[in-house]
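Participant: This one is run.pdb, PDB, C-alpha atoms, pLDDT in the B column.
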ATOM      1  CA  MET A 252      97.529  98.538  85.676  1.00 91.00           C
ATOM      2  CA  THR A 253      96.133 101.965  86.471  1.00 93.00           C
ATOM      3  CA  LEU A 254      97.037 104.003  89.529  1.00 93.00           C
ATOM      4  CA  LYS A 255      93.571 103.420  90.950  1.00 93.00           C
ATOM      5  CA  GLU A 256      93.988  99.631  90.524  1.00 95.00           C
ATOM      6  CA  ALA A 257      97.440  99.758  92.169  1.00 95.00           C
ATOM      7  CA  HIS A 258      96.133 101.510  95.283  1.00 96.00           C
ATOM      8  CA  GLY A 259      96.600  99.337  98.370  1.00 96.00           C
ATOM      9  CA  LYS A 260      98.781  96.750  96.625  1.00 97.00           C
ATOM     10  CA  ASN A 261     102.491  95.911  96.681  1.00 97.00           C
ATOM     11  CA  VAL A 262     103.813  97.057  93.321  1.00 97.00           C
ATOM     12  CA  ARG A 263     106.938  97.871  91.325  1.00 97.00           C
ATOM     13  CA  ILE A 264     106.589 101.235  89.579  1.00 97.00           C
ATOM     14  CA  THR A 265     109.058 102.054  86.822  1.00 98.00           C
ATOM     15  CA  LEU A 266     109.359 105.683  85.765  1.00 98.00           C
ATOM     16  CA  ASN A 267     110.116 106.997  82.279  1.00 98.00           C
ATOM     17  CA  ASP A 268     113.645 107.907  83.435  1.00 98.00           C
ATOM     18  CA  GLY A 269     114.327 104.307  84.570  1.00 98.00           C
ATOM     19  CA  SER A 270     113.907 104.890  88.323  1.00 97.00           C
ATOM     20  CA  VAL A 271     112.155 102.032  90.141  1.00 97.00           C
ATOM     21  CA  PHE A 272     110.038 102.186  93.303  1.00 97.00           C
ATOM     22  CA  GLU A 273     108.832  99.058  95.096  1.00 97.00           C
ATOM     23  CA  GLY A 274     106.440  98.747  97.998  1.00 97.00           C
ATOM     24  CA  LEU A 275     102.904  99.467  99.093  1.00 97.00           C
ATOM     25  CA  ALA A 276     101.147 101.940  96.811  1.00 96.00           C
ATOM     26  CA  TYR A 277      98.965 104.167  98.962  1.00 93.00           C
ATOM     27  CA  ASP A 278      97.373 107.608  98.995  1.00 92.00           C
ATOM     28  CA  TYR A 279      95.892 107.547  95.478  1.00 94.00           C
ATOM     29  CA  THR A 280      94.754 111.021  94.405  1.00 91.00           C
ATOM     30  CA  SER A 281      92.563 111.559  91.335  1.00 92.00           C
ATOM     31  CA  ALA A 282      93.327 114.361  88.888  1.00 90.00           C
ATOM     32  CA  LEU A 283      90.198 116.223  90.042  1.00 88.00           C
ATOM     33  CA  ASP A 284      91.435 116.227  93.636  1.00 87.00           C
ATOM     34  CA  ASN A 285      95.048 116.986  92.664  1.00 82.00           C
ATOM     35  CA  GLU A 286      94.510 120.047  90.484  1.00 84.00           C
ATOM     36  CA  PRO A 287      96.559 121.430  88.780  1.00 89.00           C
ATOM     37  CA  ASP A 288      98.620 118.212  88.841  1.00 86.00           C
ATOM     38  CA  PRO A 289      97.558 114.932  87.187  1.00 94.00           C
ATOM     39  CA  GLU A 290      96.487 111.860  89.187  1.00 95.00           C
ATOM     40  CA  SER A 291      99.136 110.472  91.520  1.00 96.00           C
ATOM     41  CA  ILE A 292      99.960 107.689  93.947  1.00 96.00           C
ATOM     42  CA  THR A 293     102.418 107.581  96.809  1.00 97.00           C
ATOM     43  CA  ILE A 294     104.965 104.846  97.362  1.00 95.00           C
ATOM     44  CA  ASP A 295     107.724 104.972  99.971  1.00 89.00           C
ATOM     45  CA  HIS A 296     106.813 108.594 100.912  1.00 94.00           C
ATOM     46  CA  THR A 297     107.249 109.706  97.273  1.00 96.00           C
ATOM     47  CA  GLU A 298     104.355 111.083  95.225  1.00 95.00           C
ATOM     48  CA  LEU A 299     104.471 109.741  91.657  1.00 96.00           C
ATOM     49  CA  PHE A 300     102.432 111.340  88.879  1.00 96.00           C
ATOM     50  CA  VAL A 301     100.763 109.317  86.131  1.00 96.00           C
ATOM     51  CA  ASP A 302     102.604 111.164  83.321  1.00 95.00           C
ATOM     52  CA  GLU A 303     106.033 110.119  84.686  1.00 97.00           C
ATOM     53  CA  ILE A 304     105.151 106.407  85.097  1.00 97.00           C
ATOM     54  CA  LYS A 305     106.219 103.909  82.441  1.00 98.00           C
ATOM     55  CA  SER A 306     104.808 100.740  84.048  1.00 97.00           C
ATOM     56  CA  ILE A 307     103.206  99.346  87.185  1.00 97.00           C
ATOM     57  CA  ASP A 308     103.651  95.665  88.048  1.00 97.00           C
ATOM     58  CA  LEU A 309     102.114  93.693  90.909  1.00 97.00           C
ATOM     59  CA  ILE A 310     104.729  92.034  93.163  1.00 95.00           C
TER
END
Would you mind writing the file's structure down as structure tokens?
Facilitator:
Amino acid sequence: MTLKEAHGKNVRITLNDGSVFEGLAYDYTSALDNEPDPESITIDHTELFVDEIKSIDLI
């Protein structure tokens, strides 16, 4: 699942370092709007960048 597909859904996001975030994924920002950072999504008041995400699962 891409960040754009996860937007507005309840998800479990697992990071490359093993950290897990669960909840409503909101505030999707494309790479063009987030320059110089890559695309990102916010979950539980934490901005997560696409390059640090290992997996996104719908819950």
Participant: A:Ser270, A:Gly259, A:Ile310, A:Thr280: which is nearest Glu298 (chain A), counting all atoms listed in the file?
Facilitator: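 Distance minimum relative to Glu298 (chain A) lands on A:Thr280.
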Participant: Which residue gives the smallest distance to His296 (chain A) among A:Thr265, A:Asp308, A:Asp284, A:Tyr277, with all atoms listed in the file counted?
Facilitator: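 The closest residue to His296 (chain A) is A:Tyr277.
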Participant: Just how far from CA of Leu309 (chain A) is CA of Ile292 (chain A), in Å to one decimal?
Facilitator: 14.5 Å
Participant: Just the residues within 12 Å of Ile294 (chain A), please, counting all atoms listed in the file, with nothing from its chain fewer than 2 positions along; format it as JSON, numbers by chain.
Facilitator: {"A": [254, 257, 258, 259, 260, 261, 262, 263, 264, 265, 271, 272, 273, 274, 275, 276, 277, 278, 279, 291, 292, 296, 297, 298, 299, 300, 307]}
Participant: Go ahead and write the residues just picked, C-alpha atoms, as a PDB file, in the frame of the given file.
Facilitator:
ATOM      1  CA  LEU A 254      97.037 104.003  89.529  1.00 93.00           C
ATOM      2  CA  ALA A 257      97.440  99.758  92.169  1.00 95.00           C
ATOM      3  CA  HIS A 258      96.133 101.510  95.283  1.00 96.00           C
ATOM      4  CA  GLY A 259      96.600  99.337  98.370  1.00 96.00           C
ATOM      5  CA  LYS A 260      98.781  96.750  96.625  1.00 97.00           C
ATOM      6  CA  ASN A 261     102.491  95.911  96.681  1.00 97.00           C
ATOM      7  CA  VAL A 262     103.813  97.057  93.321  1.00 97.00           C
ATOM      8  CA  ARG A 263     106.938  97.871  91.325  1.00 97.00           C
ATOM      9  CA  ILE A 264     106.589 101.235  89.579  1.00 97.00           C
ATOM     10  CA  THR A 265     109.058 102.054  86.822  1.00 98.00           C
ATOM     11  CA  VAL A 271     112.155 102.032  90.141  1.00 97.00           C
ATOM     12  CA  PHE A 272     110.038 102.186  93.303  1.00 97.00           C
ATOM     13  CA  GLU A 273     108.832  99.058  95.096  1.00 97.00           C
ATOM     14  CA  GLY A 274     106.440  98.747  97.998  1.00 97.00           C
ATOM     15  CA  LEU A 275     102.904  99.467  99.093  1.00 97.00           C
ATOM     16  CA  ALA A 276     101.147 101.940  96.811  1.00 96.00           C
ATOM     17  CA  TYR A 277      98.965 104.167  98.962  1.00 93.00           C
ATOM     18  CA  ASP A 278      97.373 107.608  98.995  1.00 92.00           C
ATOM     19  CA  TYR A 279      95.892 107.547  95.478  1.00 94.00           C
ATOM     20  CA  SER A 291      99.136 110.472  91.520  1.00 96.00           C
ATOM     21  CA  ILE A 292      99.960 107.689  93.947  1.00 96.00           C
ATOM     22  CA  HIS A 296     106.813 108.594 100.912  1.00 94.00           C
ATOM     23  CA  THR A 297     107.249 109.706  97.273  1.00 96.00           C
ATOM     24  CA  GLU A 298     104.355 111.083  95.225  1.00 95.00           C
ATOM     25  CA  LEU A 299     104.471 109.741  91.657  1.00 96.00           C
ATOM     26  CA  PHE A 300     102.432 111.340  88.879  1.00 96.00           C
ATOM     27  CA  ILE A 307     103.206  99.346  87.185  1.00 97.00           C
TER      28      ILE A 307
END
Participant: If I take CA of Asn285 (chain A) and CA of Gly269 (chain A), how far is one from the other in Å, to one decimal?
Facilitator: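 Result for CA of Asn285 (chain A) versus CA of Gly269 (chain A): 24.5 Å, one decimal.
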